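Worksheet: one structure, shown below.
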Amino acid sequence: MMKQIRVEGVELGISQLVQGSMMLSIDKMDYSSELLDAYVSAGGNAIDTGHIYGAKTAQAVGQWMEERGNRSEVVLIGKGAHPYEQSRMTKTCIQSDLVESLERLKTNYVDIYMLHRDDPNVHVGYILEG
């Protein structure tokens, strides 16, 4: 079993080695599934996803979870609001990236959601305020 850490607010323990997803693709499901299966077989349970990685990457993760029926055993880390060429640190961009990522991943939640990059010109309070 891979070592795990606890993060308050996340029900499952989180494997200390997190599997990235940028190299996965719905167009390469044999490869994508084999990689994710090997990771889980080694005791891993946390998959890092990012809106900027594109639809095909998230769709591969979503299809893999759907085929394996293992969503409740996987800790999904989602990231959004990557700045591209300009700041996207707005509530609208963050919400849009999250909703689109959930659709691509075929799930209704991610366990941890992070900003892909910080923008020192935008105070975090703006994002957190209701």
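Here, A, B, ... name the chains of the structure tokens in the order displayed, residue numbers run from 1 inside each chain, and ligands are numbered from 1 in the same displayed order.
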Worksheet item: Which parts of chain A does DSSP call strand (DSSP E) when run on the backbone here, written out as a list in words?
Response: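 Checking each residue of chain A, the strand (DSSP E) ones are Gln4, Ile5, Ile14, Ser15, Gln19, Gly20, Ala46, Ile47, Asp48, Val75, Leu76, Ile77, Gly78, Lys79, Gly80, Ile112, Tyr113, Met114 and Leu115 of chain A.
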Serialized selection, N, CA, C and O atoms, as a PDB file, in the first residue's frame:
```
ATOM      1  N   GLN A   4      -0.252   7.249   2.565  1.00  0.00           N
ATOM      2  CA  GLN A   4      -1.315   8.221   2.344  1.00  0.00           C
ATOM      3  C   GLN A   4      -1.242   9.329   3.376  1.00  0.00           C
ATOM      4  O   GLN A   4      -0.691   9.160   4.461  1.00  0.00           O
ATOM      5  N   ILE A   5      -1.790  10.462   2.988  1.00  0.00           N
ATOM      6  CA  ILE A   5      -1.935  11.591   3.903  1.00  0.00           C
ATOM      7  C   ILE A   5      -3.417  11.892   4.058  1.00  0.00           C
ATOM      8  O   ILE A   5      -4.237  11.471   3.248  1.00  0.00           O
ATOM      9  N   ILE A  14      -5.225  10.196   0.951  1.00  0.00           N
ATOM     10  CA  ILE A  14      -4.712  10.556  -0.372  1.00  0.00           C
ATOM     11  C   ILE A  14      -3.304  10.004  -0.514  1.00  0.00           C
ATOM     12  O   ILE A  14      -2.428  10.295   0.308  1.00  0.00           O
ATOM     13  N   SER A  15      -3.103   9.207  -1.554  1.00  0.00           N
ATOM     14  CA  SER A  15      -1.765   8.651  -1.772  1.00  0.00           C
ATOM     15  C   SER A  15      -0.765   9.784  -1.957  1.00  0.00           C
ATOM     16  O   SER A  15      -1.057  10.803  -2.572  1.00  0.00           O
ATOM     17  N   GLN A  19      -0.960  10.824  -9.467  1.00  0.00           N
ATOM     18  CA  GLN A  19      -0.836  10.554 -10.905  1.00  0.00           C
ATOM     19  C   GLN A  19      -1.279  11.778 -11.699  1.00  0.00           C
ATOM     20  O   GLN A  19      -2.397  12.250 -11.538  1.00  0.00           O
ATOM     21  N   GLY A  20      -0.404  12.289 -12.534  1.00  0.00           N
ATOM     22  CA  GLY A  20      -0.772  13.359 -13.449  1.00  0.00           C
ATOM     23  C   GLY A  20      -1.610  12.802 -14.585  1.00  0.00           C
ATOM     24  O   GLY A  20      -1.624  11.596 -14.841  1.00  0.00           O
ATOM     25  N   ALA A  46      -4.929   9.078  -6.184  1.00  0.00           N
ATOM     26  CA  ALA A  46      -5.132  10.511  -6.429  1.00  0.00           C
ATOM     27  C   ALA A  46      -4.701  10.856  -7.858  1.00  0.00           C
ATOM     28  O   ALA A  46      -3.582  10.552  -8.270  1.00  0.00           O
ATOM     29  N   ILE A  47      -5.616  11.490  -8.595  1.00  0.00           N
ATOM     30  CA  ILE A  47      -5.342  11.860  -9.982  1.00  0.00           C
ATOM     31  C   ILE A  47      -5.478  13.371 -10.127  1.00  0.00           C
ATOM     32  O   ILE A  47      -6.508  13.951  -9.779  1.00  0.00           O
ATOM     33  N   ASP A  48      -4.421  13.976 -10.633  1.00  0.00           N
ATOM     34  CA  ASP A  48      -4.376  15.420 -10.857  1.00  0.00           C
ATOM     35  C   ASP A  48      -4.914  15.723 -12.252  1.00  0.00           C
ATOM     36  O   ASP A  48      -4.443  15.167 -13.239  1.00  0.00           O
ATOM     37  N   VAL A  75      -9.418   9.949  -5.585  1.00  0.00           N
ATOM     38  CA  VAL A  75      -9.380  11.349  -5.169  1.00  0.00           C
ATOM     39  C   VAL A  75      -9.034  12.165  -6.413  1.00  0.00           C
ATOM     40  O   VAL A  75      -7.932  12.065  -6.943  1.00  0.00           O
ATOM     41  N   LEU A  76     -10.001  12.937  -6.891  1.00  0.00           N
ATOM     42  CA  LEU A  76      -9.781  13.783  -8.065  1.00  0.00           C
ATOM     43  C   LEU A  76      -9.341  15.169  -7.616  1.00  0.00           C
ATOM     44  O   LEU A  76     -10.008  15.814  -6.810  1.00  0.00           O
ATOM     45  N   ILE A  77      -8.227  15.594  -8.161  1.00  0.00           N
ATOM     46  CA  ILE A  77      -7.741  16.946  -7.930  1.00  0.00           C
ATOM     47  C   ILE A  77      -7.989  17.715  -9.219  1.00  0.00           C
ATOM     48  O   ILE A  77      -7.484  17.347 -10.275  1.00  0.00           O
ATOM     49  N   GLY A  78      -8.791  18.746  -9.149  1.00  0.00           N
ATOM     50  CA  GLY A  78      -9.087  19.572 -10.311  1.00  0.00           C
ATOM     51  C   GLY A  78      -8.408  20.922 -10.179  1.00  0.00           C
ATOM     52  O   GLY A  78      -8.225  21.429  -9.071  1.00  0.00           O
ATOM     53  N   LYS A  79      -8.035  21.481 -11.322  1.00  0.00           N
ATOM     54  CA  LYS A  79      -7.432  22.809 -11.323  1.00  0.00           C
ATOM     55  C   LYS A  79      -8.089  23.644 -12.420  1.00  0.00           C
ATOM     56  O   LYS A  79      -8.449  23.118 -13.470  1.00  0.00           O
ATOM     57  N   GLY A  80      -8.221  24.921 -12.158  1.00  0.00           N
ATOM     58  CA  GLY A  80      -8.825  25.803 -13.145  1.00  0.00           C
ATOM     59  C   GLY A  80      -8.245  27.196 -13.080  1.00  0.00           C
ATOM     60  O   GLY A  80      -7.351  27.489 -12.290  1.00  0.00           O
ATOM     61  N   ILE A 112     -10.671  17.852  -4.483  1.00  0.00           N
ATOM     62  CA  ILE A 112      -9.857  19.037  -4.188  1.00  0.00           C
ATOM     63  C   ILE A 112      -9.856  19.897  -5.446  1.00  0.00           C
ATOM     64  O   ILE A 112      -9.652  19.386  -6.542  1.00  0.00           O
ATOM     65  N   TYR A 113     -10.097  21.193  -5.280  1.00  0.00           N
ATOM     66  CA  TYR A 113     -10.053  22.100  -6.426  1.00  0.00           C
ATOM     67  C   TYR A 113      -9.057  23.206  -6.122  1.00  0.00           C
ATOM     68  O   TYR A 113      -9.086  23.813  -5.045  1.00  0.00           O
ATOM     69  N   MET A 114      -8.176  23.463  -7.075  1.00  0.00           N
ATOM     70  CA  MET A 114      -7.132  24.464  -6.883  1.00  0.00           C
ATOM     71  C   MET A 114      -7.083  25.401  -8.083  1.00  0.00           C
ATOM     72  O   MET A 114      -7.508  25.028  -9.177  1.00  0.00           O
ATOM     73  N   LEU A 115      -6.538  26.560  -7.853  1.00  0.00           N
ATOM     74  CA  LEU A 115      -6.234  27.461  -8.955  1.00  0.00           C
ATOM     75  C   LEU A 115      -4.971  26.943  -9.618  1.00  0.00           C
ATOM     76  O   LEU A 115      -4.007  26.577  -8.934  1.00  0.00           O
TER      77      LEU A 115
END
```
Practice prompt. From a DSSP pass on the backbone, collect the residues of chain A flagged as alpha helix (DSSP H) and hand them back as a VMD selection string.
Written response: chain A and resid 29 to 41 55 to 68 91 to 105 124 to 128
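Using only C-alpha atoms, the shortest contact distance between A:Asp30 and any of A:Gln63, A:Glu8, A:Ala58, A:His51 is found at A:Gln63.
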Fill in: Minimum-distance residue to A:Leu105, chosen among A:Val122, A:Ile127, A:Met65, A:Val74 (using only C-alpha atoms)
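Comparing A:Val122, A:Ile127, A:Met65, A:Val74 against A:Leu105, the winner is A:Met65.
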Worksheet item: Which is closest to A:Lys3 among A:Thr57, A:Trp64, A:Ile26, A:Ala42, if we use only C-alpha atoms?
Response: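 Selected residue with least distance to A:Lys3: A:Ala42.
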Worksheet entry | Which of A:Thr90, A:Thr107, A:Ser25, A:Gln16 sits closest to A:Arg71 [using only C-alpha atoms] | A:Thr107
Discussion item. For a test of reading the model, state the distance in Å between atom CA of A:Leu36 and atom CA of A:Val18, rounded to one decimal.
Written reply: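 Computing the Euclidean distance for atom CA of A:Leu36 and atom CA of A:Val18 yields 11.0 Å.
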Worksheet item: By how many Å are atom CA of A:Leu24 and atom CA of A:Tyr39 apart?
Response: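 Result for atom CA of A:Leu24 versus atom CA of A:Tyr39: 13.1 Å, one decimal.
Nearest to A:Gln95 of all the residues A:Tyr31, A:Ser41, A:Met22, A:Ala81 is A:Ala81, counting only C-alpha atoms.
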Item to complete: Kindly indicate which residue among A:Val40, A:Leu12, A:Ala60, A:Ile52 lies nearest to A:Lys28, using only C-alpha atoms for the distances.
Response: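 With only C-alpha atoms as the atom set, the closest residue is A:Ala60.
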